[in-house]
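Visitor: Below is a structure I'd like to ask you about.
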Amino acid sequence: MKEIVQKAGDRSQKVVEWKAPEELRELMDLDPTAVGETHEKLLMRLQDIIKYSVKTGHPRFVNQLFSSLDPYGLAGQIVTDALNTSQYTYETAPVFTLMEETVLKTMRTCIGYTEGNGIFCPGGSLSNIMAVNCARHFMFPQTKKTGMFGLPPLVIYTSELAHYSIKKAGYLLGFGDDNVKLVKTDELGKIIPEDLERQIQETIDEGCTPFMIVATAGTTVFGAFDPIDKMADVAQKYGLWYHVDGAWGGGVLMSKKHRDMMKGVDRADSVTWNPHKLLGVPQQCSCFLTKHVNILQQCHRADAKYLFQKDKFYDTSYDTGDKTFQCGRKVDVLKFWLMWKAKGSEGFEQHIDKLFDNTRYIVEKLKQREGFRMVVNEPDCTNVCFWYVPPSLRNMPEDEEFWNRLHTVAPKVKEGMIRDGTMMITYQPQKDLVNFFRLVLQNSATTYEDMDFFIDEIERLGKF
Ligand code: ABU
């Protein structure tokens, strides 16, 4: 354990010791054994597991929307696991029930809600699916008993760049893909409100029923923030449930300097906010928050008599299990709470401000360096999207062949860095843009020197 923590911040260590699946399978001997092994052997196995796992706490892991290794978060995680409880009743999780209630209330205050409810969910996708379920219940409470039979098609609107969990909500909750309408975005990746309204009107004209709008506060690739306040106007005009998916960007609410990016979020009916992303809490820590006090219970309550006995000797409104579609629920609040107690809100604020400062630094450096080209010139969030144009492409006309060849550059460079273990950054195409790098600044231990290293390293690996 000590080794993982020490190595997390040690730049002389590799981010990953890459092995191909067949080689790793050989090295790890993964089959469960008929006879138990000695502690010595088990410790050797754990050493190998650590050796070949990706060090996501390394300051040069900028690959995903999570990273870093906070010592207080880790301590909270260890204590959570040692206590091994399930957060569905007060009797099995008395402290965590009150802790969850208090932390969620404080988060709601950050959003600007004066009252409401919430729950920790296993990931942002489930929080978003929870939002769709609450929205449907709010408008059509009868669906809990009778299902969707007899209802017109119910339509959700979200960005074409929204997280794919909204489409999955369509699959899971019976709306179908056709009824999750994807609204056009501008060149910065933000929803175009006029297209949103056009599509709502089209739905009405077709005799279908609009019921929900989902804005994104921090899209997965560009980190774009939709026009939250303007979309709230549209939701209000048509009487629709308004959800803001702030899984990625929600953390800006902790910073006085950056919280205005979410202006209007208090008008949303519900919000997804993952502290395991921008706030650096260990995985997983995802919250669904709503201004509607009773909707979670109304929507999910099934009254399992073996668990939620009403004749318990304590106030059973503290049993939170029926606020969700889960039964067993891992405790995800302690690691967040411990970090909050240790750093204070001011510590989270400094963390966010440092991430945005780092973003400004690397964007300026990239703009100055030959061969690098920004995809988004001024990113909203801490996602830095850029192409690297290697020397062999620099004097080519920018025709189809150029773009086809540029498309192959990021995968090649990525392969090089993984094989060498020097850093990890992801790439992807988006809309009609060929593969580009997305560097995510989420670890405030990442320094200006690390960012100079990222640029130099991509240049070193891209000398072709
Ligand atoms: N839930 C989106 C996470 C994707 C990423 O880390 O890039």
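A note on labels: chains of the structure tokens are A, B, ... as shown, every chain counts residues from 1, and ligands are counted from 1 in their shown order.
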Considering only C-alpha atoms and all ligand atoms, tabulate each residue of chain A that lies at most 8 Å from ligand 1 along with its nearest interatomic pair and the corresponding distance in Å to one decimal; arrange the rows by chain and ascending residue number and present them as a tab-separated table.

Guide:
```
residue	atom	partner	partner_atom_place_in_ligand_line	distance
A:Asn63	CA	ligand 1	7 (O)	6.9
A:Gln64	CA	ligand 1	6 (O)	3.6
A:Leu65	CA	ligand 1	6 (O)	3.8
A:Phe66	CA	ligand 1	6 (O)	6.0
A:Gly123	CA	ligand 1	1 (N)	7.7
A:Gly124	CA	ligand 1	1 (N)	6.3
A:Ser125	CA	ligand 1	1 (N)	7.0
A:His163	CA	ligand 1	2 (C)	7.0
A:Thr220	CA	ligand 1	2 (C)	5.9
A:Val221	CA	ligand 1	7 (O)	7.3
A:Ala247	CA	ligand 1	1 (N)	7.5
A:Trp248	CA	ligand 1	2 (C)	7.6
A:Thr426	CA	ligand 1	7 (O)	7.9
```

Visitor: Give me, as a VMD selection string, all polymer residues having an atom no more than 10 Å from Asp303 (chain A), counting only C-alpha atoms and skipping those fewer than 4 positions away in the same chain.

Guide: chain A and resid 307 to 310 321 to 322

Visitor: Which residues, written as a PDB file with C-alpha atoms, in the first residue's frame, have at least one atom at most 12 Å from Phe348 (chain A), with only C-alpha atoms counted and residues fewer than 2 positions away on the same chain left out?

Guide:
```pdb
ATOM      1  CA  ASP A  70      -5.552  11.724  -2.466  1.00  0.00           C
ATOM      2  CA  GLY A 251     -16.704  20.509  -9.441  1.00  0.00           C
ATOM      3  CA  VAL A 252     -16.493  24.122 -10.710  1.00  0.00           C
ATOM      4  CA  LEU A 253     -19.279  24.919  -8.242  1.00  0.00           C
ATOM      5  CA  MET A 254     -16.593  24.849  -5.537  1.00  0.00           C
ATOM      6  CA  SER A 255     -14.698  27.755  -7.107  1.00  0.00           C
ATOM      7  CA  LYS A 256     -15.857  31.368  -6.853  1.00  0.00           C
ATOM      8  CA  PRO A 275     -16.792  14.240  -7.041  1.00  0.00           C
ATOM      9  CA  LEU A 278     -12.940  17.173 -11.142  1.00  0.00           C
ATOM     10  CA  LEU A 279     -12.664  17.104  -7.322  1.00  0.00           C
ATOM     11  CA  GLY A 280     -10.244  14.160  -7.327  1.00  0.00           C
ATOM     12  CA  VAL A 281     -12.125  11.912  -4.889  1.00  0.00           C
ATOM     13  CA  PHE A 336     -15.337  12.511   0.038  1.00  0.00           C
ATOM     14  CA  TRP A 337     -16.299  13.635   3.532  1.00  0.00           C
ATOM     15  CA  MET A 339     -11.207  14.952   2.055  1.00  0.00           C
ATOM     16  CA  TRP A 340     -13.664  17.778   2.669  1.00  0.00           C
ATOM     17  CA  LYS A 341     -12.898  17.817   6.406  1.00  0.00           C
ATOM     18  CA  ALA A 342      -9.154  17.688   5.703  1.00  0.00           C
ATOM     19  CA  LYS A 343      -8.985  20.424   3.043  1.00  0.00           C
ATOM     20  CA  GLY A 344     -12.119  22.408   3.702  1.00  0.00           C
ATOM     21  CA  SER A 345     -14.123  23.912   0.867  1.00  0.00           C
ATOM     22  CA  GLU A 346     -11.189  26.281   0.370  1.00  0.00           C
ATOM     23  CA  GLN A 350      -7.653  25.893  -4.655  1.00  0.00           C
ATOM     24  CA  HIS A 351      -7.564  22.509  -6.388  1.00  0.00           C
ATOM     25  CA  ILE A 352     -10.055  23.635  -9.060  1.00  0.00           C
ATOM     26  CA  ASP A 353      -8.321  26.975  -9.568  1.00  0.00           C
ATOM     27  CA  LYS A 354      -4.967  25.215  -9.997  1.00  0.00           C
ATOM     28  CA  LEU A 355      -6.449  22.879 -12.637  1.00  0.00           C
ATOM     29  CA  GLN A 442      -7.699  16.667 -13.132  1.00  0.00           C
ATOM     30  CA  ASN A 443      -4.702  16.126 -10.833  1.00  0.00           C
ATOM     31  CA  SER A 444      -3.564  19.350  -9.159  1.00  0.00           C
TER      32      SER A 444
END
```

Visitor: Closest to Ser127 (chain A) among A:Val375, A:Met262, A:Met212, A:Leu296, using only C-alpha atoms?

Guide: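 Result for the nearest residue to Ser127 (chain A): A:Leu296.
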
Visitor: Neighbouring residues of Thr85 (chain A) were defined as those with any atom within 9 Å, considering only C-alpha atoms; residues of the same chain fewer than 3 positions away were excluded. Please report them as a list in words.

Guide: Thr80, Asp81, Ala82, Thr92, Ala93, Gly328, Arg329, Lys330 and Val331 of chain A

Visitor: Show which residues sit within 7 Å of Val132 (chain A), as a PyMOL selection string. Count only C-alpha atoms, and ignore same-chain residues fewer than 4 positions away.

Guide: chain A and resi 128+136+169

Visitor: Considering only C-alpha atoms, state which residue in the set A:Met417, A:Ile119, A:Ala232, A:Leu43 is at the smallest distance from Thr97 (chain A).

Guide: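 Going through A:Met417, A:Ile119, A:Ala232, A:Leu43 one by one, the smallest distance to Thr97 (chain A) is for A:Ile119.
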
Visitor: Suppose you want the space between CA of Asp229 (chain A) and CA of Asp266 (chain A); what is it in Å?

Guide: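 Interatomic distance, CA of Asp229 (chain A) to CA of Asp266 (chain A): 9.2 Å.
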
Visitor: Could you give me, as a PyMOL selection string, the residues within 10 Å of Ser270 (chain A), counting only C-alpha atoms and dropping anything in the same chain fewer than 4 positions from it?

Guide: chain A and resi 108+111+113+116-118+127-128+130-132+134-135+214+241-245+265-266+288-292

Visitor: Please write the residues from the selection above to a file, keeping N, CA and C atoms, as a PDB file, in the first residue's frame.

Guide:
```pdb
ATOM      1  N   ARG A 108     -26.168  20.411  -2.376  1.00  0.00           N
ATOM      2  CA  ARG A 108     -27.362  21.090  -2.911  1.00  0.00           C
ATOM      3  C   ARG A 108     -27.251  22.597  -2.696  1.00  0.00           C
ATOM      4  N   ILE A 111     -25.266  24.095  -5.321  1.00  0.00           N
ATOM      5  CA  ILE A 111     -26.041  24.237  -6.564  1.00  0.00           C
ATOM      6  C   ILE A 111     -26.959  25.452  -6.483  1.00  0.00           C
ATOM      7  N   TYR A 113     -29.938  25.067  -4.468  1.00  0.00           N
ATOM      8  CA  TYR A 113     -31.247  24.553  -4.059  1.00  0.00           C
ATOM      9  C   TYR A 113     -31.491  24.919  -2.590  1.00  0.00           C
ATOM     10  N   GLY A 116     -34.549  19.839  -1.059  1.00  0.00           N
ATOM     11  CA  GLY A 116     -34.400  18.782  -2.056  1.00  0.00           C
ATOM     12  C   GLY A 116     -33.981  17.468  -1.446  1.00  0.00           C
ATOM     13  N   ASN A 117     -33.368  16.658  -2.290  1.00  0.00           N
ATOM     14  CA  ASN A 117     -32.996  15.312  -1.862  1.00  0.00           C
ATOM     15  C   ASN A 117     -31.836  14.861  -2.747  1.00  0.00           C
ATOM     16  N   GLY A 118     -31.350  13.664  -2.501  1.00  0.00           N
ATOM     17  CA  GLY A 118     -30.253  13.175  -3.329  1.00  0.00           C
ATOM     18  C   GLY A 118     -29.785  11.819  -2.860  1.00  0.00           C
ATOM     19  N   SER A 127     -26.490   7.818 -12.300  1.00  0.00           N
ATOM     20  CA  SER A 127     -27.106   9.059 -11.806  1.00  0.00           C
ATOM     21  C   SER A 127     -27.976   9.670 -12.914  1.00  0.00           C
ATOM     22  N   ASN A 128     -27.467   9.631 -14.141  1.00  0.00           N
ATOM     23  CA  ASN A 128     -28.254  10.177 -15.254  1.00  0.00           C
ATOM     24  C   ASN A 128     -29.502   9.341 -15.512  1.00  0.00           C
ATOM     25  N   MET A 130     -31.049   7.632 -13.315  1.00  0.00           N
ATOM     26  CA  MET A 130     -31.922   7.991 -12.189  1.00  0.00           C
ATOM     27  C   MET A 130     -32.719   9.260 -12.525  1.00  0.00           C
ATOM     28  N   ALA A 131     -32.045  10.207 -13.147  1.00  0.00           N
ATOM     29  CA  ALA A 131     -32.709  11.478 -13.496  1.00  0.00           C
ATOM     30  C   ALA A 131     -33.858  11.219 -14.474  1.00  0.00           C
ATOM     31  N   VAL A 132     -33.611  10.364 -15.463  1.00  0.00           N
ATOM     32  CA  VAL A 132     -34.648  10.096 -16.466  1.00  0.00           C
ATOM     33  C   VAL A 132     -35.839   9.391 -15.793  1.00  0.00           C
ATOM     34  N   CYS A 134     -36.752   9.649 -12.657  1.00  0.00           N
ATOM     35  CA  CYS A 134     -37.486  10.636 -11.830  1.00  0.00           C
ATOM     36  C   CYS A 134     -38.335  11.541 -12.721  1.00  0.00           C
ATOM     37  N   ALA A 135     -37.756  11.941 -13.855  1.00  0.00           N
ATOM     38  CA  ALA A 135     -38.487  12.839 -14.764  1.00  0.00           C
ATOM     39  C   ALA A 135     -39.763  12.166 -15.256  1.00  0.00           C
ATOM     40  N   VAL A 214     -31.854  17.476 -21.175  1.00  0.00           N
ATOM     41  CA  VAL A 214     -30.614  17.227 -20.424  1.00  0.00           C
ATOM     42  C   VAL A 214     -29.522  18.147 -20.966  1.00  0.00           C
ATOM     43  N   TRP A 241     -39.034  18.490 -17.497  1.00  0.00           N
ATOM     44  CA  TRP A 241     -38.027  18.239 -16.452  1.00  0.00           C
ATOM     45  C   TRP A 241     -36.675  18.639 -17.024  1.00  0.00           C
ATOM     46  N   TYR A 242     -35.900  19.357 -16.220  1.00  0.00           N
ATOM     47  CA  TYR A 242     -34.599  19.838 -16.692  1.00  0.00           C
ATOM     48  C   TYR A 242     -33.496  19.221 -15.840  1.00  0.00           C
ATOM     49  N   HIS A 243     -32.635  18.444 -16.493  1.00  0.00           N
ATOM     50  CA  HIS A 243     -31.527  17.795 -15.785  1.00  0.00           C
ATOM     51  C   HIS A 243     -30.215  18.366 -16.298  1.00  0.00           C
ATOM     52  N   VAL A 244     -29.285  18.635 -15.392  1.00  0.00           N
ATOM     53  CA  VAL A 244     -27.943  19.061 -15.798  1.00  0.00           C
ATOM     54  C   VAL A 244     -26.966  17.945 -15.449  1.00  0.00           C
ATOM     55  N   ASP A 245     -26.336  17.379 -16.469  1.00  0.00           N
ATOM     56  CA  ASP A 245     -25.328  16.357 -16.239  1.00  0.00           C
ATOM     57  C   ASP A 245     -23.991  17.063 -16.000  1.00  0.00           C
ATOM     58  N   VAL A 265     -27.897  26.711 -12.949  1.00  0.00           N
ATOM     59  CA  VAL A 265     -28.049  25.301 -12.556  1.00  0.00           C
ATOM     60  C   VAL A 265     -29.102  25.138 -11.455  1.00  0.00           C
ATOM     61  N   ASP A 266     -29.293  26.195 -10.663  1.00  0.00           N
ATOM     62  CA  ASP A 266     -30.300  26.135  -9.591  1.00  0.00           C
ATOM     63  C   ASP A 266     -31.711  26.018 -10.162  1.00  0.00           C
ATOM     64  N   PHE A 288     -26.484  12.037  -7.352  1.00  0.00           N
ATOM     65  CA  PHE A 288     -27.682  12.543  -8.018  1.00  0.00           C
ATOM     66  C   PHE A 288     -28.353  13.479  -7.031  1.00  0.00           C
ATOM     67  N   LEU A 289     -28.632  14.703  -7.465  1.00  0.00           N
ATOM     68  CA  LEU A 289     -29.237  15.703  -6.572  1.00  0.00           C
ATOM     69  C   LEU A 289     -30.474  16.271  -7.236  1.00  0.00           C
ATOM     70  N   THR A 290     -31.496  16.477  -6.446  1.00  0.00           N
ATOM     71  CA  THR A 290     -32.726  17.032  -7.019  1.00  0.00           C
ATOM     72  C   THR A 290     -33.346  18.048  -6.060  1.00  0.00           C
ATOM     73  N   LYS A 291     -34.099  18.995  -6.642  1.00  0.00           N
ATOM     74  CA  LYS A 291     -34.783  19.984  -5.797  1.00  0.00           C
ATOM     75  C   LYS A 291     -36.120  19.442  -5.298  1.00  0.00           C
ATOM     76  N   HIS A 292     -36.540  18.291  -5.822  1.00  0.00           N
ATOM     77  CA  HIS A 292     -37.832  17.722  -5.423  1.00  0.00           C
ATOM     78  C   HIS A 292     -37.629  16.814  -4.202  1.00  0.00           C
TER      79      HIS A 292
END
```
